[in-house]
Structures are given as structure tokens and as C-alpha cells.
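So this block is work-v5.txt, compact mmCIF, C-alpha atoms:
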# COMPACT_ATOMS: atom_id res chain seq x y z
CA MET A 1 201.91 142.67 87.00
CA ASP A 2 200.50 139.43 88.36
CA PHE A 3 198.14 139.57 91.30
CA SER A 4 197.72 136.66 93.67
CA ALA A 5 194.17 135.41 94.11
CA ASP A 6 194.98 134.73 97.78
CA ASP A 7 195.91 138.39 98.35
CA ILE A 8 192.76 139.74 96.67
CA ASN A 9 190.55 137.19 98.41
CA GLN A 10 192.03 138.13 101.79
CA ILE A 11 191.57 141.87 101.16
CA THR A 12 187.98 141.38 100.01
CA SER A 13 187.11 139.06 102.86
CA ASP A 14 188.61 141.45 105.45
CA ILE A 15 186.68 144.42 104.09
CA TRP A 16 183.32 142.73 103.78
CA THR A 17 183.60 140.93 107.11
CA SER A 18 185.02 143.64 109.34
CA THR A 19 183.13 146.58 107.84
CA LEU A 20 179.82 144.92 107.03
CA GLY A 21 179.68 141.61 108.86
CA LEU A 22 178.97 139.90 105.51
CA ASN A 23 180.72 136.82 104.20
CA ALA A 24 182.19 137.18 100.70
CA GLN A 25 183.39 133.79 99.43
CA PRO A 26 185.52 133.45 96.30
CA VAL A 27 183.85 131.25 93.69
CA ASP A 28 184.89 130.00 90.26
CA LYS A 29 182.10 131.96 88.67
CA ALA A 30 179.42 133.78 90.59
CA SER A 31 175.86 133.65 89.36
CA GLU A 32 175.51 136.54 86.95
CA ALA A 33 173.17 139.32 87.91
CA SER A 34 170.16 139.15 85.63
CA SER A 35 170.39 141.58 82.73
CA LYS A 36 167.05 142.92 83.92
CA GLU A 37 168.31 143.51 87.47
CA ARG A 38 169.76 146.86 88.46
CA SER A 39 173.44 146.63 89.40
CA LEU A 40 176.17 149.00 90.55
CA ILE A 41 179.84 149.35 89.75
CA GLY A 42 182.45 151.35 91.65
CA CYS A 43 185.69 152.38 89.98
CA ILE A 44 188.99 153.80 91.25
CA GLN A 45 191.83 154.80 88.94
CA ILE A 46 195.43 154.18 90.03
CA MET A 47 198.12 156.53 88.75
CA GLY A 48 201.91 156.55 89.14
CA ASP A 49 204.55 153.86 88.62
CA TRP A 50 201.72 151.41 87.90
CA GLU A 51 198.63 152.64 86.08
CA GLY A 52 195.23 151.05 85.88
CA ALA A 53 191.93 150.75 87.67
CA VAL A 54 190.04 148.63 90.17
CA THR A 55 186.32 148.02 89.73
CA LEU A 56 183.86 146.47 92.15
CA TYR A 57 180.60 145.22 90.65
CA CYS A 58 177.56 143.97 92.57
CA SER A 59 173.85 143.51 92.25
CA GLU A 60 171.51 146.11 93.67
CA GLY A 61 170.36 143.50 96.20
CA LEU A 62 173.86 143.11 97.62
CA ALA A 63 174.54 146.86 97.49
CA ASN A 64 171.35 147.37 99.49
CA MET A 65 172.42 144.81 102.10
CA ALA A 66 175.89 146.35 102.35
CA THR A 67 174.43 149.83 102.74
CA ALA A 68 171.91 148.77 105.38
CA SER A 69 174.75 147.16 107.32
CA MET A 70 177.15 150.09 106.90
CA PHE A 71 174.56 152.67 107.99
CA ASP A 72 172.94 150.35 110.53
CA MET A 73 169.50 150.83 109.01
CA ALA A 74 166.62 148.75 107.61
CA LEU A 75 166.83 147.67 103.96
CA GLU A 76 163.74 149.67 103.04
CA GLU A 77 165.27 152.88 104.43
CA VAL A 78 168.29 152.81 102.09
CA THR A 79 168.46 155.77 99.69
CA ASP A 80 170.37 156.07 96.40
CA GLU A 81 172.79 158.54 98.00
CA GLU A 82 173.66 156.07 100.76
CA LEU A 83 173.93 153.25 98.20
CA HIS A 84 176.50 155.21 96.17
CA ASP A 85 178.38 156.34 99.29
CA THR A 86 178.71 152.73 100.45
CA LEU A 87 179.82 151.31 97.11
CA GLY A 88 182.27 154.19 96.67
CA GLU A 89 183.82 153.55 100.07
CA LEU A 90 184.00 149.77 99.54
CA THR A 91 185.74 150.39 96.20
CA ASN A 92 188.06 152.89 97.89
CA MET A 93 189.02 150.37 100.58
CA THR A 94 189.53 147.62 98.00
CA ALA A 95 191.69 149.76 95.69
CA GLY A 96 193.60 151.31 98.59
CA ASN A 97 194.54 147.89 99.91
CA ILE A 98 195.37 146.57 96.42
CA LYS A 99 197.64 149.61 95.97
CA THR A 100 199.88 148.21 98.71
CA LEU A 101 200.62 145.25 96.41
CA LEU A 102 201.83 147.50 93.59
CA PRO A 103 205.43 148.40 92.84
CA GLY A 104 206.75 151.95 93.21
CA ASP A 105 204.85 155.09 94.06
CA CYS A 106 201.17 155.17 93.17
CA ARG A 107 198.15 157.24 94.12
CA ILE A 108 194.46 156.51 93.86
CA SER A 109 191.63 158.64 92.52
CA LEU A 110 188.37 159.40 94.26
CA PRO A 111 185.79 156.68 93.61
CA SER A 112 183.13 156.95 90.93
CA VAL A 113 179.97 154.87 91.00
CA ALA A 114 177.65 153.96 88.11
CA GLU A 115 174.40 152.07 88.20
CA GLY A 116 171.86 150.77 85.74
CA ILE A 117 170.37 147.77 83.97
CA ASP A 118 172.22 145.81 81.28
CA TYR A 119 175.04 148.32 80.76
CA LYS A 120 178.69 148.01 79.85
CA VAL A 121 181.60 149.90 81.44
CA SER A 122 184.82 150.37 79.53
CA ILE A 123 188.10 151.90 80.63
CA PRO A 124 189.94 152.98 77.47
CA GLY A 125 193.42 151.46 77.28
CA GLY A 126 192.68 149.20 80.23
CA LYS A 127 193.35 145.46 79.91
CA VAL A 128 191.88 143.05 82.46
CA THR A 129 194.83 141.63 84.38
CA PHE A 130 192.93 140.03 87.25
CA GLN A 131 189.32 139.14 87.92
CA GLN A 132 187.76 137.28 90.81
CA SER A 133 184.13 136.42 91.43
CA PHE A 134 182.67 136.18 94.91
CA GLU A 135 179.32 135.15 96.26
CA CYS A 136 178.00 137.14 99.18
CA GLU A 137 174.68 136.27 100.80
CA GLY A 138 173.66 134.59 97.53
CA HIS A 139 174.51 137.66 95.43
CA PRO A 140 177.30 138.08 92.87
CA LEU A 141 180.27 140.33 93.56
CA LEU A 142 183.08 140.84 91.06
CA ILE A 143 186.48 142.46 91.58
CA THR A 144 188.37 143.40 88.41
CA ILE A 145 191.85 144.91 88.09
CA LEU A 146 192.69 146.57 84.79
CA GLU A 147 196.20 147.59 83.80
CA ARG A 148 196.76 150.43 81.37
CA ALA A 149 198.42 148.96 78.27
CA MET B 1 186.04 165.83 124.82
CA ARG B 2 185.49 166.82 121.23
CA ALA B 3 186.31 164.80 118.13
CA LEU B 4 186.22 165.94 114.53
CA ILE B 5 185.71 163.19 111.92
CA ILE B 6 186.91 164.17 108.46
CA ASP B 7 185.94 161.76 105.68
CA ASP B 8 184.10 162.18 102.39
CA SER B 9 182.17 158.97 103.07
CA ARG B 10 179.09 159.59 105.17
CA ALA B 11 179.07 155.89 106.04
CA ILE B 12 182.56 156.04 107.55
CA ARG B 13 181.66 159.23 109.45
CA MET B 14 178.64 157.46 110.85
CA ILE B 15 180.56 154.33 111.90
CA LEU B 16 183.33 156.34 113.58
CA GLY B 17 180.82 158.76 115.12
CA LYS B 18 178.94 155.92 116.75
CA THR B 19 182.15 154.49 118.20
CA LEU B 20 183.34 157.85 119.52
CA ARG B 21 179.98 158.81 121.07
CA GLY B 22 180.03 155.42 122.77
CA ILE B 23 183.23 156.35 124.60
CA GLY B 24 182.04 159.82 125.57
CA PHE B 25 183.15 162.13 122.76
CA GLU B 26 181.11 165.02 121.42
CA VAL B 27 181.37 164.44 117.67
CA PHE B 28 181.61 166.92 114.78
CA GLU B 29 181.90 165.99 111.12
CA ALA B 30 183.39 167.34 107.91
CA GLY B 31 183.42 165.95 104.35
CA ASN B 32 186.90 167.21 103.40
CA GLY B 33 189.87 169.21 104.71
CA CYS B 34 188.41 172.61 103.80
CA GLU B 35 185.16 171.89 105.61
CA ALA B 36 187.17 170.62 108.57
CA LEU B 37 189.13 173.87 108.88
CA GLU B 38 185.81 175.79 108.80
CA ARG B 39 184.33 173.47 111.42
CA LEU B 40 187.37 173.97 113.67
CA GLN B 41 186.94 177.72 113.37
CA GLU B 42 183.27 177.36 114.40
CA ILE B 43 183.82 175.07 117.38
CA GLY B 44 187.13 176.62 118.49
CA ARG B 45 189.02 173.45 119.27
CA ALA B 46 188.90 169.68 119.18
CA ASP B 47 190.80 167.10 121.22
CA LEU B 48 190.96 164.58 118.41
CA ALA B 49 190.74 164.63 114.61
CA LEU B 50 190.20 161.42 112.66
CA VAL B 51 191.33 162.17 109.12
CA ASP B 52 190.83 160.28 105.85
CA TRP B 53 193.63 160.68 103.31
CA ASN B 54 191.84 160.59 99.95
CA MET B 55 189.20 163.36 99.86
CA PRO B 56 188.03 165.99 97.35
CA GLU B 57 188.94 169.71 97.64
CA MET B 58 191.52 169.28 100.40
CA ASN B 59 192.97 165.86 101.21
CA GLY B 60 193.92 164.61 104.65
CA TYR B 61 197.63 165.24 104.26
CA ASP B 62 197.07 168.90 103.32
CA PHE B 63 194.66 169.25 106.25
CA VAL B 64 197.29 167.94 108.68
CA CYS B 65 199.92 170.31 107.26
CA SER B 66 197.49 173.22 107.53
CA VAL B 67 196.30 172.48 111.06
CA ARG B 68 199.83 171.89 112.35
CA SER B 69 200.82 175.37 111.16
CA LYS B 70 198.28 176.85 113.61
CA ALA B 71 199.41 177.16 117.23
CA GLU B 72 195.84 176.95 118.60
CA HIS B 73 195.53 173.33 117.42
CA ALA B 74 198.96 172.17 118.57
CA ASP B 75 197.41 169.96 121.29
CA MET B 76 194.87 168.30 119.01
CA ARG B 77 195.65 164.61 118.48
CA VAL B 78 195.46 163.63 114.81
CA MET B 79 194.82 160.09 113.66
CA MET B 80 194.86 159.20 109.97
CA VAL B 81 192.05 156.74 109.08
CA THR B 82 192.75 155.57 105.59
CA THR B 83 193.34 152.83 103.05
CA GLU B 84 196.76 154.32 102.24
CA ALA B 85 198.72 151.55 103.94
CA GLU B 86 202.26 152.01 102.62
CA ILE B 87 205.03 152.78 105.07
CA THR B 88 206.09 155.80 102.97
CA GLN B 89 202.59 157.29 103.25
CA MET B 90 202.52 156.68 107.00
CA ILE B 91 205.91 158.33 107.45
CA LYS B 92 204.78 161.31 105.35
CA ALA B 93 201.68 161.77 107.52
CA LEU B 94 203.59 161.36 110.78
CA GLU B 95 206.25 163.83 109.64
CA ALA B 96 203.48 166.31 108.78
CA GLY B 97 202.22 166.08 112.36
CA ALA B 98 199.80 163.15 112.56
CA ASN B 99 200.05 161.25 115.86
CA GLU B 100 198.57 157.89 114.90
CA TYR B 101 197.48 155.85 111.94
CA ILE B 102 194.74 153.26 111.38
CA ILE B 103 194.08 151.34 108.19
CA LYS B 104 190.63 150.74 106.68
CA PRO B 105 188.98 148.32 107.14
CA PHE B 106 189.14 148.71 110.92
CA SER B 107 187.25 147.28 113.85
CA LYS B 108 185.62 149.39 116.56
CA GLU B 109 188.03 147.83 119.06
CA ALA B 110 191.05 148.89 117.01
CA VAL B 111 189.82 152.50 116.89
CA VAL B 112 189.28 152.57 120.66
CA GLU B 113 192.71 151.03 121.26
CA LYS B 114 194.40 153.71 119.12
CA ILE B 115 192.57 156.46 121.04
CA GLN B 116 193.81 154.89 124.27
CA ILE B 117 197.35 154.95 122.87
CA LEU B 118 196.85 158.66 122.20
CA GLY B 119 196.09 159.06 125.90
CA LEU B 120 192.61 160.50 125.45
CA ILE B 121 190.77 157.72 127.27
CA PRO B 122 191.93 155.32 129.97
Take the structure in this file and express it as C-alpha cells.
Amino acid sequence: MDFSADDINQITSDIWTSTLGLNAQPVDKASEASSKERSLIGCIQIMGDWEGAVTLYCSEGLANMATASMFDMALEEVTDEELHDTLGELTNMTAGNIKTLLPGDCRISLPSVAEGIDYKVSIPGGKVTFQQSFECEGHPLLITILERA
Amino acid sequence: MRALIIDDSRAIRMILGKTLRGIGFEVFEAGNGCEALERLQEIGRADLALVDWNMPEMNGYDFVCSVRSKAEHADMRVMMVTTEAEITQMIKALEAGANEYIIKPFSKEAVVEKIQILGLIP
């Protein structure tokens, strides 16, 4: 299945603007988060007539900004629980909206969120079918769609 | 008026809670459908339930089916607040007894407008 960059960019922009008031701009290649910087990744599996997953990756700095905005709090008040809640919900919104582009009857899983420094995430049997980098407030943001082979 | 917000995301509960308090609702929260049924038993009744679809333990659709089988909550307005944007999903929820539907991401204004459509505020 081919995904249109325009569709994914619109979905991402709508979510980050209307929910957080932050501007996520598509870029050819966002500046990579430093391998020494903590980052977070949210993942939602899609099951049904189309099977795969959607992941949303961002630096801890951007996750902190998103959380502070979502919870209407100061950056220094953000806790890990709120950070995970926010990234999980942003991944849920992204995958839920992407699901509308898919053929047939599909359902989405609950979100899972991982965090760490210099880690790799693999989804067995998943092949990257679409990837788009964004820059948001100077931080990298990466949306990846994997289709089960 | 009382509103029950049912969503596993604390952030979404907070955003919706702020909007609803701003237009005069007393707000209660639950993290999934099971918790929501317990909360309804505790508070007796609610005028409005804002229900996420995709939740652990009991999802929003099962909550709507369950609550619509109880005569005491027949008057409660139910609005699905979800990313599940397909027409088939909307029809399924409306057939189960939901009254309205709003897609995430949403604006505060859109939530208020839907509550007006439900006839709960002028």
C-alpha cells in the first residue's frame, strides 16, 4: 500500500497544531537526535485487512514540550508518566487517522511507548513502507509506517 | 449538569475536563469502560458521557452497549471522542446508542458545538 506524503503531513500537522499548538513541518531529513540524548518512541499495531504498525519517534526535548502543552504545565513539572501518556495519545491519534486511509476493515491496538538512549526498535515481519521526518520547534520527529510482509 | 469523561489518556481527560468545567459541568473521570460503569453507580447519573473508543479492559463501544441496556441511563447523552473516523465505526456506535461523534484531534470550540447540538447548553 502506498501512502501519500500529503495525507500524512496533513494528519501530523493537524494533530500537533490543534492539540498542542506546535508547528510540525515536514523536512527532507530532520536533524537526528544525538545518540546520547534520551528519546521516546510510540507504537500502535494495526490488525485486519491491512496489517502493520505506526511508530512516532521524538527527542525527549520535544516530548517534554508536547507534554507541557497537553497538560498545560511548566516544562520542569513534567513527569515520566505524563510523558508516556502524551506520546501514547499522539501515537494513537496518528495511527487512528492513518487507519482511515487503509483499505477494508482494520482495528488498532493500544499504544505502547519505549524510551532510552541509543536503542533500536524492531517490529518482526514489518517492512518500512513510508517514513516522513518533521521538525518541530527545532526538534526531530519521525513518523514511520511498517507493513507486515 | 454532570459529565463523565471516559478515556485511558489522562491528558485527554484533562483537556476535555477543562473545556467542560468552563461551560458549567461538574466533571467525573474514568480510565476505561469498567471504571466508568463503577463511577456511574457511585454518582447515580450523568447528563453527558464523552467516550473514547480504544481503551483497555472495556472499550467505548462495549461501554455504550452496556449503558444503553440500563433504563436509568436512558437520558444520558453519549458522545464518542475518538480517532476511529470511518463511517462504518460511526454507524456502529450510533446504532449502539451513541448520540454524537467527534474525531481526535478536536478543538475546544468543536467540543462545545457538539454539546450544543446535543441540547445540553444553549
In file coordinates, which residues lie within 10 Å of (190.7, 150.1, 99.6) using only C-alpha atoms, given as a short mmCIF file (atom, residue, chain, number, x, y, z; two decimals) with C-alpha atoms, keeping the file's coordinate frame?
data_model
loop_
_atom_site.label_atom_id
_atom_site.label_comp_id
_atom_site.auth_asym_id
_atom_site.auth_seq_id
_atom_site.Cartn_x
_atom_site.Cartn_y
_atom_site.Cartn_z
CA ILE A 11 191.57 141.87 101.16
CA THR A 12 187.98 141.38 100.01
CA ILE A 15 186.68 144.42 104.09
CA ILE A 44 188.99 153.80 91.25
CA VAL A 54 190.04 148.63 90.17
CA GLY A 88 182.27 154.19 96.67
CA GLU A 89 183.82 153.55 100.07
CA LEU A 90 184.00 149.77 99.54
CA THR A 91 185.74 150.39 96.20
CA ASN A 92 188.06 152.89 97.89
CA MET A 93 189.02 150.37 100.58
CA THR A 94 189.53 147.62 98.00
CA ALA A 95 191.69 149.76 95.69
CA GLY A 96 193.60 151.31 98.59
CA ASN A 97 194.54 147.89 99.91
CA ILE A 98 195.37 146.57 96.42
CA LYS A 99 197.64 149.61 95.97
CA THR A 100 199.88 148.21 98.71
CA ILE A 108 194.46 156.51 93.86
CA THR B 82 192.75 155.57 105.59
CA THR B 83 193.34 152.83 103.05
CA GLU B 84 196.76 154.32 102.24
CA ALA B 85 198.72 151.55 103.94
CA ILE B 103 194.08 151.34 108.19
CA LYS B 104 190.63 150.74 106.68
CA PRO B 105 188.98 148.32 107.14
#
Among listed residues B:Asp52, B:Glu42, B:Glu26, B:Asp47, nearest chain A (using all atoms listed in the file) |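 Residue with the minimum atom-to-atom distance to chain A: B:Asp52.
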Can you list, as an mmCIF file with C-alpha atoms, keeping the file's coordinate frame, every protein, DNA or RNA residue that comes within 8 Å of Glu51 in chain A when you count all atoms listed in the file, leaving out same-chain residues fewer than 5 positions away?
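That gives us part_3.cif:
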data_model
loop_
_atom_site.group_PDB
_atom_site.id
_atom_site.type_symbol
_atom_site.label_atom_id
_atom_site.label_comp_id
_atom_site.auth_asym_id
_atom_site.auth_seq_id
_atom_site.Cartn_x
_atom_site.Cartn_y
_atom_site.Cartn_z
ATOM 1 C CA GLN A 45 191.830 154.800 88.940
ATOM 2 C CA ILE A 46 195.430 154.180 90.030
ATOM 3 C CA CYS A 106 201.170 155.170 93.170
ATOM 4 C CA GLU A 147 196.200 147.590 83.800
ATOM 5 C CA ARG A 148 196.760 150.430 81.370
#
Residue nearest chain B - candidates A:Asp14, A:Glu137, A:Glu76, A:Glu37, atoms counted: all atoms listed in the file =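 Answer, going by the shortest atom-to-atom distance: A:Asp14.
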Quote the spacing between CA of Ile117 in chain B and CA of Ile102 in chain B in Å to one decimal place.
->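 CA of Ile117 in chain B sits 11.9 Å away from CA of Ile102 in chain B.
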Would you kindly place N, CA and C atoms on range 52-81 of chain B and return the model as a short mmCIF file (atom, residue, chain, number, x, y, z; two decimals), keeping the file's coordinate frame?
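New file result.cif:
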data_model
loop_
_atom_site.label_atom_id
_atom_site.label_comp_id
_atom_site.auth_asym_id
_atom_site.auth_seq_id
_atom_site.Cartn_x
_atom_site.Cartn_y
_atom_site.Cartn_z
N ASP B 52 190.64 161.10 107.05
CA ASP B 52 190.83 160.28 105.85
C ASP B 52 191.92 160.92 104.99
N TRP B 53 192.57 160.12 104.17
CA TRP B 53 193.63 160.68 103.31
C TRP B 53 193.06 161.20 101.99
N ASN B 54 192.27 160.34 101.34
CA ASN B 54 191.84 160.59 99.95
C ASN B 54 190.47 161.27 99.93
N MET B 55 190.46 162.60 99.84
CA MET B 55 189.20 163.36 99.86
C MET B 55 189.24 164.45 98.80
N PRO B 56 188.06 164.89 98.32
CA PRO B 56 188.03 165.99 97.35
C PRO B 56 188.37 167.33 98.03
N GLU B 57 188.67 168.31 97.20
CA GLU B 57 188.94 169.71 97.64
C GLU B 57 190.23 169.85 98.44
N MET B 58 190.27 169.28 99.64
CA MET B 58 191.52 169.28 100.40
C MET B 58 191.70 167.90 101.02
N ASN B 59 192.79 167.21 100.68
CA ASN B 59 192.97 165.86 101.21
C ASN B 59 193.48 165.89 102.66
N GLY B 60 193.57 164.70 103.24
CA GLY B 60 193.92 164.61 104.65
C GLY B 60 195.32 165.10 104.95
N TYR B 61 196.24 164.81 104.05
CA TYR B 61 197.63 165.24 104.26
C TYR B 61 197.71 166.77 104.30
N ASP B 62 197.05 167.42 103.35
CA ASP B 62 197.07 168.90 103.32
C ASP B 62 196.38 169.48 104.56
N PHE B 63 195.32 168.78 105.02
CA PHE B 63 194.66 169.25 106.25
C PHE B 63 195.62 169.19 107.43
N VAL B 64 196.36 168.08 107.55
CA VAL B 64 197.29 167.94 108.68
C VAL B 64 198.36 169.04 108.61
N CYS B 65 198.90 169.26 107.42
CA CYS B 65 199.92 170.31 107.26
C CYS B 65 199.34 171.66 107.68
N SER B 66 198.11 171.93 107.24
CA SER B 66 197.49 173.22 107.53
C SER B 66 197.23 173.40 109.03
N VAL B 67 196.69 172.37 109.65
CA VAL B 67 196.30 172.48 111.06
C VAL B 67 197.54 172.54 111.96
N ARG B 68 198.61 171.88 111.53
CA ARG B 68 199.83 171.89 112.35
C ARG B 68 200.59 173.22 112.24
N SER B 69 200.18 174.05 111.27
CA SER B 69 200.82 175.37 111.16
C SER B 69 200.12 176.39 112.07
N LYS B 70 199.05 175.96 112.74
CA LYS B 70 198.28 176.85 113.61
C LYS B 70 198.53 176.48 115.08
N ALA B 71 199.04 177.43 115.83
CA ALA B 71 199.41 177.16 117.23
C ALA B 71 198.22 176.73 118.07
N GLU B 72 197.02 177.26 117.76
CA GLU B 72 195.84 176.95 118.60
C GLU B 72 195.43 175.48 118.54
N HIS B 73 195.90 174.75 117.51
CA HIS B 73 195.53 173.33 117.42
C HIS B 73 196.72 172.41 117.69
N ALA B 74 197.74 172.95 118.32
CA ALA B 74 198.96 172.17 118.57
C ALA B 74 198.68 170.95 119.46
N ASP B 75 197.70 171.07 120.37
CA ASP B 75 197.41 169.96 121.29
C ASP B 75 196.47 168.91 120.71
N MET B 76 195.86 169.23 119.58
CA MET B 76 194.87 168.30 119.01
C MET B 76 195.58 167.04 118.52
N ARG B 77 195.09 165.88 118.96
CA ARG B 77 195.65 164.61 118.48
C ARG B 77 195.07 164.33 117.09
N VAL B 78 195.92 163.90 116.18
CA VAL B 78 195.46 163.63 114.81
C VAL B 78 195.73 162.17 114.47
N MET B 79 194.66 161.49 114.08
CA MET B 79 194.82 160.09 113.66
C MET B 79 194.35 159.94 112.22
N MET B 80 195.24 159.46 111.36
CA MET B 80 194.86 159.20 109.97
C MET B 80 194.03 157.90 109.94
N VAL B 81 192.91 157.93 109.22
CA VAL B 81 192.05 156.74 109.08
C VAL B 81 191.89 156.52 107.59
#
